[in-house]
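Only one structure is covered here, and it is reproduced in the block below.
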Amino acid sequence: MRQLVTTFLALIGLPALACAQQVPIDPASTHIFPAGGQRGTVVQVRVGGECLPPQTQFHVWGEGIKSPAVLGGRAIGHYEASLRRNPREAPMSHPKEWQSTVEIAADAPLGPKLWRLSSGRGGTGARPFVVGDLPEMIESESNSVPEKAERVSLPITINGQIAGERDIDYFQFSAEAGDVITAEMASARLGSPLEGVLEIHDLQGQRMPFEQLRAGSDPVLVFKAPSRGDYRLFVANLSFRGGGEFVYRITLTKLPYIKFAFPPGAQAGNSREIATFRTCGNGELVRQPERISIPSQPGEHWLAIPNAANCIALAVSDLECLAEQEPNDSLQQAMELPPDVAVSGQFASPSDEDWFRFVAEKDQAFSIDCQPFPKSSPALPVVSVMDAAGVAVASAKSAEAANRICQLDWRAPAAGTYCLRVVDVQQGAAGGPEFVYVMSFKRGRPDFSLGTRADFVNVVQGERSEVELAVTRRGALDKPIDIELEGLPEGVRYEPRQIPAKQNTFKIAFIADANARPTAVAVKITGTATFDTQKLSRSALATHLGHDADGVGLGSATIDNLQLTVAHKPVFKLFCSEAYQYAHRGTIYPYAMEVERLDGFDGPIHLEVADRQIKDLDGIEVPEMTVPPGQTTFMLRLFLPETMHINLQAHSNVYAQGYVTFTDKWNQPQSHLVVSTMRCMVRTLPPVVKLQALDRQVAAKAGSTVACRLELIRTSNFSGPMQIELVKSPESAGCSAEGVTLAPNESAASISVRVGSDVVPSANAALTFRATGTLPGNVQVISEAAGRKNTFVV
């Protein structure tokens, strides 16, 4: 078949590339739910992802947590139903969820840990799982209306999902008059697509006044209760979207929220006093000093503060750390600044700017780094080197840097006194004490850093994959940088081994031998440069998935290793003809497909609809099926619902995926998933029949039998027999009925429904009936009568 398709394309003058894969096929994680847990507990989780076969491996790392090595069975979440919308032409994804557990030790350090997935198909990037110390609860649907709000007792961490387009979550709590309630959401900082909205309502549904803050892209609200009583927390998504991956955690406490701390810069290994600024729920801030011990390792650290709802970030440095001293708003008021120091500053008002004076020798080099701190700070500093007359001779802007760090390497053209002018790009329009920045001012020395945009790479046996390194050179370092990789598995090598002089981007190729053993490992990339006989070594930092669009996470968004998965080479491929086929809506259409079995694989292949599609399927389903061992051709059953929209899509495109499990030659269990190389292309025709209820409503009592009259509207395309049955559903629980068969050309039917004696009375319980028949070509016809036209009252 595949050869015929390629020949056909050649004959009509189209390149074979027109049939190339159009959806991403690499595995991906999308979420874990709940996205955290309390110390000393075992958390039942659902792990979400796309293009994941059964028996996918589950890797967690971080002190104090562990989990089973392999994901459990398929999980089905209870989600709020979404509105039916017109189908879109945009690509669509449908993540699946899998069961697992995470065990958290009683003494596990608080904060985010990481997890990822891998299989014979490849691995995924890492996402956070948060260890907390508060009691945790998991929302139960439906809590989408105020009357069904779930009651919670403070303090608590709420885990939820905005899992449908109509999903809204309500939680009810009690407060005393004057209580300050803090609700901090973590969603975007987990890597969730949720654009969270938080509000406080009273029991009459009125929106209460509260203070709105941001932690990165996530909302934080602080509410001061005006009186004793119950209030409701309202949780929603800013857009209409929803799904299992729209995960959130909300910490709900009666503790104040620290809006910012100053100064955030601190020298490693010391102790110092910092001022925390806490919210009161009325827009005012309370300054409270705290003496803290500084970690011994330089970098970004998050510290818990007593009697506060959140942690604070510290910029720990091996340099002496200073805080700007006001007034320093002009050349004449500039603060004296020695070299090799770190400075904490803030733009206390929209007009504020900071000046720092230093002395330089002719040709003396300096390196200046300045950034908002923490990353969620609204500051966007601009650093300029000013000469003695106050004229700028060099500058850098954080707003123009991808990581919001403005970096400036400057060499003094003459001996003399110079100044650093630090101003916010928003000067005159925005400012305030929370506009905090940190700046390092050092004598110029050769240095560099390495980074990757992703924290994982997959390489298939016998193939190669590339990872791009970003090289940041400082202090005129233009020498070659030698690259060394630690942790490579046997049978995998890398090339080239040196970044050329002056080059700022570089690709490392991972090459796997044909007989490399499939595995998942952590690889550390180290670069070493030599300058004036001095060797400088730096580890590459890789960005994981736990952060928002601005790079703000619940902790550091980078790790110092790359997750490498050696994937098993495919053992089969899926193909079909991409020539248009025509099928009626309301049928299960058999679409011819072909399997190419590779390297002697002869096992069963399980088929299902692909997790990723190039457009909305408009309700199309692929009933799961298995291709028996040895079989190479089969019919994929496409269920085309009779409710598909008319004239909104020119045609339907459906990708299928298949997965297999087997044992490799190293006696390792393997699972592998393949997405069809080509898509099933169908133009839909009108339904050939329509089942409908003749009675708008019928009444019945518990323990009775009621007749439901149905009519089958036929077209000239179908006159055959049909079987009609009651569809089992939650609304039909306790009811039963014997199916009936309509003879050819017959259209009227009556089904006797027996109502169980234990059926709970309901004002509007909808029953659904389904009619099935067969068209020529083994095409199954399906029509349903559903909704309120065939409703009964018990």
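Each chain in the structure tokens gets a letter, A, B and so on, in the order shown; residues start at 1 in every chain, and ligands are counted from 1 in the order they appear.
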
Using backbone DSSP assignments, extract all strand (DSSP E or B) residues from segment 562-636 of chain A; output them as a PDB file with C-alpha atoms, in the first residue's frame.
```pdb
ATOM      1  CA  LEU A 562      20.993  16.862  31.108  1.00  0.00           C
ATOM      2  CA  GLN A 563      18.591  13.908  31.128  1.00  0.00           C
ATOM      3  CA  LEU A 564      19.665  11.528  28.345  1.00  0.00           C
ATOM      4  CA  THR A 565      17.441   8.676  27.163  1.00  0.00           C
ATOM      5  CA  VAL A 566      18.799   6.079  24.779  1.00  0.00           C
ATOM      6  CA  ALA A 567      15.637   4.995  22.960  1.00  0.00           C
ATOM      7  CA  PHE A 572       7.139  -1.400  13.726  1.00  0.00           C
ATOM      8  CA  LYS A 573       5.706   1.446  11.629  1.00  0.00           C
ATOM      9  CA  LEU A 574       2.120   2.422  10.799  1.00  0.00           C
ATOM     10  CA  PHE A 575       0.940   3.574   7.379  1.00  0.00           C
ATOM     11  CA  CYS A 576      -2.271   4.355   5.553  1.00  0.00           C
ATOM     12  CA  GLN A 581     -12.363   8.621   1.454  1.00  0.00           C
ATOM     13  CA  TYR A 582     -16.057   9.315   1.947  1.00  0.00           C
ATOM     14  CA  ALA A 583     -18.097   8.113   4.916  1.00  0.00           C
ATOM     15  CA  HIS A 584     -21.458   8.952   6.461  1.00  0.00           C
ATOM     16  CA  THR A 587     -21.094   5.273  11.182  1.00  0.00           C
ATOM     17  CA  ILE A 588     -18.018   3.332  12.191  1.00  0.00           C
ATOM     18  CA  TYR A 589     -15.982   3.439   9.005  1.00  0.00           C
ATOM     19  CA  PRO A 590     -13.217   0.858   8.369  1.00  0.00           C
ATOM     20  CA  TYR A 591     -10.081   2.631   7.119  1.00  0.00           C
ATOM     21  CA  ALA A 592      -7.386   0.412   5.597  1.00  0.00           C
ATOM     22  CA  MET A 593      -3.993   0.573   7.323  1.00  0.00           C
ATOM     23  CA  GLU A 594      -0.713  -1.286   7.095  1.00  0.00           C
ATOM     24  CA  VAL A 595       1.914  -2.363   9.646  1.00  0.00           C
ATOM     25  CA  GLU A 596       5.551  -2.721   8.720  1.00  0.00           C
ATOM     26  CA  ARG A 597       7.166  -5.044  11.254  1.00  0.00           C
ATOM     27  CA  ILE A 605       0.122  -4.165  18.414  1.00  0.00           C
ATOM     28  CA  HIS A 606      -2.487  -2.159  20.310  1.00  0.00           C
ATOM     29  CA  LEU A 607      -4.153   0.671  18.362  1.00  0.00           C
ATOM     30  CA  GLU A 608      -5.907   3.818  19.585  1.00  0.00           C
ATOM     31  CA  VAL A 609      -6.504   7.414  18.535  1.00  0.00           C
ATOM     32  CA  ARG A 612      -1.878  14.650  19.099  1.00  0.00           C
ATOM     33  CA  GLN A 613      -3.873  15.725  16.056  1.00  0.00           C
ATOM     34  CA  GLU A 621     -13.186   8.365  18.082  1.00  0.00           C
ATOM     35  CA  MET A 625      -8.208  -2.617  18.947  1.00  0.00           C
ATOM     36  CA  THR A 626      -5.335  -5.083  18.731  1.00  0.00           C
ATOM     37  CA  VAL A 627      -3.529  -6.215  15.602  1.00  0.00           C
ATOM     38  CA  THR A 633      -2.887  -5.199   7.286  1.00  0.00           C
ATOM     39  CA  PHE A 634      -6.019  -4.266   9.171  1.00  0.00           C
ATOM     40  CA  MET A 635      -9.014  -1.967   9.190  1.00  0.00           C
ATOM     41  CA  LEU A 636      -8.897   0.945  11.640  1.00  0.00           C
TER      42      LEU A 636
END
```

Quick one: contact table of segment 22-104 of chain A to segment 247-260 of chain A, 9 Å max, nearest atom pair and distance in Å to one decimal per residue, counting only C-alpha atoms, chain and number order, as JSON lines?
```
{"residue": "A:His31", "atom": "CA", "partner": "A:Val247", "partner_atom": "CA", "distance": 7.2}
{"residue": "A:Ile32", "atom": "CA", "partner": "A:Val247", "partner_atom": "CA", "distance": 7.9}
{"residue": "A:Phe33", "atom": "CA", "partner": "A:Val247", "partner_atom": "CA", "distance": 6.9}
{"residue": "A:Pro34", "atom": "CA", "partner": "A:Val247", "partner_atom": "CA", "distance": 7.7}
{"residue": "A:Ala35", "atom": "CA", "partner": "A:Arg249", "partner_atom": "CA", "distance": 7.1}
{"residue": "A:Gly36", "atom": "CA", "partner": "A:Arg249", "partner_atom": "CA", "distance": 8.0}
```

Write the selection just made, keeping N, CA and C atoms, as a JSON list (two decimals), in the first residue's frame?
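Contents of again23.json, freshly written:
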```json
[["chain", "number", "residue", "atom", "x", "y", "z"],
["A", 31, "HIS", "N", 1.67, 16.94, 33.20],
["A", 31, "HIS", "CA", 1.33, 17.35, 34.55],
["A", 31, "HIS", "C", 1.42, 16.16, 35.49],
["A", 32, "ILE", "N", 1.39, 16.45, 36.76],
["A", 32, "ILE", "CA", 1.16, 15.45, 37.80],
["A", 32, "ILE", "C", 0.10, 16.04, 38.72],
["A", 33, "PHE", "N", -0.83, 15.18, 39.15],
["A", 33, "PHE", "CA", -1.90, 15.66, 40.03],
["A", 33, "PHE", "C", -2.16, 14.66, 41.14],
["A", 34, "PRO", "N", -2.16, 15.12, 42.38],
["A", 34, "PRO", "CA", -1.80, 16.47, 42.80],
["A", 34, "PRO", "C", -0.33, 16.75, 42.55],
["A", 35, "ALA", "N", 0.01, 18.04, 42.48],
["A", 35, "ALA", "CA", 1.38, 18.44, 42.15],
["A", 35, "ALA", "C", 2.25, 18.58, 43.39],
["A", 36, "GLY", "N", 1.86, 17.95, 44.48],
["A", 36, "GLY", "CA", 2.65, 17.99, 45.70],
["A", 36, "GLY", "C", 1.94, 17.25, 46.81]]
```

List as a CSV table (one decimal) with all heavy atoms, in the first residue's frame the protein and nucleic acid residues near Thr774 of chain A, meaning an atom at most 10 Å away when only C-alpha atoms are counted, but skip any in the same chain fewer than 5 places from it.
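Saved result, selection-v2.csv, follows:
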```csv
chain,number,residue,atom,x,y,z
A,587,THR,N,-21.6,6.6,11.6
A,587,THR,CA,-21.1,5.3,11.2
A,587,THR,C,-19.7,5.0,11.8
A,587,THR,O,-19.0,5.9,12.3
A,587,THR,CB,-21.0,5.1,9.7
A,587,THR,OG1,-19.9,6.0,9.2
A,587,THR,CG2,-22.3,5.4,8.9
A,588,ILE,N,-19.4,3.7,11.9
A,588,ILE,CA,-18.0,3.3,12.2
A,588,ILE,C,-17.4,2.8,10.9
A,588,ILE,O,-17.8,1.8,10.4
A,588,ILE,CB,-18.0,2.2,13.3
A,588,ILE,CG1,-18.5,2.8,14.6
A,588,ILE,CG2,-16.5,1.7,13.5
A,588,ILE,CD1,-18.5,1.8,15.7
A,718,PHE,N,-30.4,3.7,3.3
A,718,PHE,CA,-30.4,2.6,4.3
A,718,PHE,C,-31.8,2.2,4.6
A,718,PHE,O,-32.6,2.9,5.0
A,718,PHE,CB,-29.7,3.1,5.6
A,718,PHE,CG,-29.6,2.0,6.6
A,718,PHE,CD1,-28.6,1.0,6.5
A,718,PHE,CD2,-30.5,1.9,7.7
A,718,PHE,CE1,-28.5,-0.1,7.4
A,718,PHE,CE2,-30.4,0.9,8.6
A,718,PHE,CZ,-29.4,-0.1,8.5
A,719,SER,N,-32.0,0.9,4.3
A,719,SER,CA,-33.3,0.3,4.6
A,719,SER,C,-33.2,-1.0,5.4
A,719,SER,O,-34.2,-1.6,5.7
A,719,SER,CB,-34.0,0.0,3.3
A,719,SER,OG,-33.2,-1.0,2.5
A,720,GLY,N,-32.0,-1.3,5.9
A,720,GLY,CA,-31.8,-2.6,6.6
A,720,GLY,C,-32.3,-2.6,8.0
A,720,GLY,O,-32.8,-1.6,8.6
A,721,PRO,N,-32.2,-3.7,8.7
A,721,PRO,CA,-32.6,-3.9,10.0
A,721,PRO,C,-31.7,-3.1,11.0
A,721,PRO,O,-30.6,-2.8,10.7
A,721,PRO,CB,-32.5,-5.4,10.3
A,721,PRO,CG,-31.4,-5.8,9.3
A,721,PRO,CD,-31.6,-5.0,8.1
A,722,MET,N,-32.3,-2.8,12.2
A,722,MET,CA,-31.5,-2.1,13.2
A,722,MET,C,-31.9,-2.6,14.6
A,722,MET,O,-33.1,-2.9,14.8
A,722,MET,CB,-31.7,-0.6,13.2
A,722,MET,CG,-31.2,0.1,11.9
A,722,MET,SD,-30.9,1.9,12.2
A,722,MET,CE,-29.3,1.8,12.9
A,779,VAL,N,-19.7,-1.5,7.1
A,779,VAL,CA,-19.8,-0.2,7.8
A,779,VAL,C,-20.9,-0.2,8.8
A,779,VAL,O,-22.1,-0.3,8.4
A,779,VAL,CB,-19.9,1.0,6.8
A,779,VAL,CG1,-20.1,2.3,7.5
A,779,VAL,CG2,-18.8,1.0,5.8
A,780,GLN,N,-20.6,0.0,10.1
A,780,GLN,CA,-21.6,0.0,11.1
A,780,GLN,C,-22.3,1.3,11.2
A,780,GLN,O,-21.7,2.4,11.2
A,780,GLN,CB,-21.0,-0.4,12.5
A,780,GLN,CG,-22.1,-0.6,13.6
A,780,GLN,CD,-21.5,-1.1,14.9
A,780,GLN,OE1,-20.3,-1.1,15.0
A,780,GLN,NE2,-22.3,-1.4,15.8
A,781,VAL,N,-23.7,1.3,11.3
A,781,VAL,CA,-24.5,2.5,11.4
A,781,VAL,C,-24.9,2.7,12.9
A,781,VAL,O,-25.3,1.7,13.5
A,781,VAL,CB,-25.7,2.5,10.5
A,781,VAL,CG1,-26.5,3.7,10.7
A,781,VAL,CG2,-25.3,2.3,9.1
A,782,ILE,N,-24.8,3.9,13.4
A,782,ILE,CA,-25.1,4.2,14.8
A,782,ILE,C,-25.9,5.5,14.8
A,782,ILE,O,-25.5,6.5,14.3
A,782,ILE,CB,-23.9,4.3,15.7
A,782,ILE,CG1,-23.1,3.0,15.7
A,782,ILE,CG2,-24.3,4.6,17.1
A,782,ILE,CD1,-21.8,3.0,16.5
```

Residues at most 12 Å from Lys375 of chain A, counting only C-alpha atoms, excluding those fewer than 4 positions away in the same chain, as a tab-separated table (two decimals) with N, CA and C atoms, in the first residue's frame?
```
chain	number	residue	atom	x	y	z
A	189	ARG	N	3.96	28.66	37.72
A	189	ARG	CA	5.31	28.35	38.22
A	189	ARG	C	5.56	26.85	38.31
A	214	ARG	N	1.15	39.41	42.78
A	214	ARG	CA	1.59	38.39	41.83
A	214	ARG	C	2.85	37.75	42.35
A	215	ALA	N	2.94	36.43	42.17
A	215	ALA	CA	4.19	35.69	42.40
A	215	ALA	C	4.56	35.10	41.04
A	216	GLY	N	5.43	35.81	40.31
A	216	GLY	CA	5.62	35.47	38.91
A	216	GLY	C	4.32	35.74	38.17
A	217	SER	N	3.84	34.75	37.41
A	217	SER	CA	2.58	34.90	36.69
A	217	SER	C	1.38	34.43	37.51
A	260	PHE	N	8.03	41.49	49.65
A	260	PHE	CA	9.43	41.50	49.24
A	260	PHE	C	10.30	41.62	50.49
A	264	PRO	N	18.12	41.67	49.45
A	264	PRO	CA	18.10	40.23	49.18
A	264	PRO	C	19.50	39.64	48.96
A	300	GLU	N	20.94	31.19	43.98
A	300	GLU	CA	19.62	31.60	44.44
A	300	GLU	C	19.11	30.58	45.44
A	312	ILE	N	11.17	33.46	51.11
A	312	ILE	CA	11.80	34.59	50.44
A	312	ILE	C	13.02	34.09	49.69
A	313	ALA	N	13.37	34.80	48.64
A	313	ALA	CA	14.54	34.43	47.83
A	313	ALA	C	15.74	35.26	48.26
A	314	LEU	N	16.89	34.61	48.29
A	314	LEU	CA	18.15	35.29	48.60
A	314	LEU	C	19.12	35.10	47.44
A	315	ALA	N	19.83	36.18	47.11
A	315	ALA	CA	20.90	36.11	46.11
A	315	ALA	C	22.21	35.96	46.87
A	370	CYS	N	23.49	43.01	36.30
A	370	CYS	CA	22.39	43.59	37.07
A	370	CYS	C	21.09	42.92	36.63
A	371	GLN	N	20.26	42.55	37.61
A	371	GLN	CA	19.02	41.84	37.29
A	371	GLN	C	17.95	42.12	38.33
A	379	ALA	N	11.06	45.15	38.62
A	379	ALA	CA	12.13	46.04	38.15
A	379	ALA	C	12.67	45.57	36.81
A	380	LEU	N	13.04	46.55	35.96
A	380	LEU	CA	13.72	46.29	34.69
A	380	LEU	C	14.89	47.27	34.59
A	398	SER	N	18.21	45.26	30.93
A	398	SER	CA	17.70	43.92	31.25
A	398	SER	C	16.49	43.59	30.38
A	403	ASN	N	17.11	36.54	29.54
A	403	ASN	CA	16.97	36.12	30.93
A	403	ASN	C	16.82	37.30	31.89
A	404	ARG	N	16.63	38.51	31.35
A	404	ARG	CA	16.44	39.75	32.11
A	404	ARG	C	17.67	40.12	32.94
A	405	ILE	N	18.83	39.59	32.58
A	405	ILE	CA	20.08	39.96	33.24
A	405	ILE	C	20.87	40.85	32.28
A	434	GLU	N	9.10	47.62	46.08
A	434	GLU	CA	9.22	46.23	45.62
A	434	GLU	C	10.00	46.10	44.32
A	435	PHE	N	10.39	47.22	43.70
A	435	PHE	CA	11.20	47.20	42.48
A	435	PHE	C	12.67	46.99	42.88
A	436	VAL	N	12.98	45.76	43.21
A	436	VAL	CA	14.28	45.41	43.79
A	436	VAL	C	15.18	44.81	42.72
A	437	TYR	N	16.47	45.11	42.81
A	437	TYR	CA	17.45	44.53	41.90
A	437	TYR	C	18.70	44.17	42.68
A	438	VAL	N	19.54	43.31	42.09
A	438	VAL	CA	20.87	43.03	42.62
A	438	VAL	C	21.87	43.26	41.49
A	547	HIS	N	8.42	26.29	35.35
A	547	HIS	CA	8.53	27.76	35.43
A	547	HIS	C	7.47	28.39	34.54
A	548	ASP	N	7.24	29.69	34.75
A	548	ASP	CA	6.28	30.41	33.92
A	548	ASP	C	6.99	30.99	32.70
A	549	ALA	N	6.28	31.82	31.94
A	549	ALA	CA	6.83	32.36	30.69
A	549	ALA	C	8.04	33.25	30.92
A	550	ASP	N	8.17	33.81	32.14
A	550	ASP	CA	9.30	34.68	32.45
A	550	ASP	C	10.43	33.94	33.16
A	551	GLY	N	10.31	32.61	33.25
A	551	GLY	CA	11.36	31.84	33.90
A	551	GLY	C	11.25	31.77	35.40
A	552	VAL	N	10.12	32.20	35.98
A	552	VAL	CA	9.94	32.18	37.43
A	552	VAL	C	9.36	30.83	37.84
A	553	GLY	N	10.03	30.15	38.76
A	553	GLY	CA	9.56	28.89	39.30
A	553	GLY	C	9.36	28.98	40.79
A	554	LEU	N	9.02	27.84	41.41
A	554	LEU	CA	8.92	27.80	42.86
A	554	LEU	C	10.30	27.70	43.51
A	555	GLY	N	11.29	27.41	42.73
A	555	GLY	CA	12.68	27.38	43.12
A	555	GLY	C	13.49	27.68	41.88
A	556	SER	N	14.70	27.17	41.81
A	556	SER	CA	15.50	27.38	40.62
A	556	SER	C	14.87	26.68	39.42
A	557	ALA	N	14.87	27.34	38.27
A	557	ALA	CA	14.31	26.75	37.05
A	557	ALA	C	15.37	25.99	36.26
```
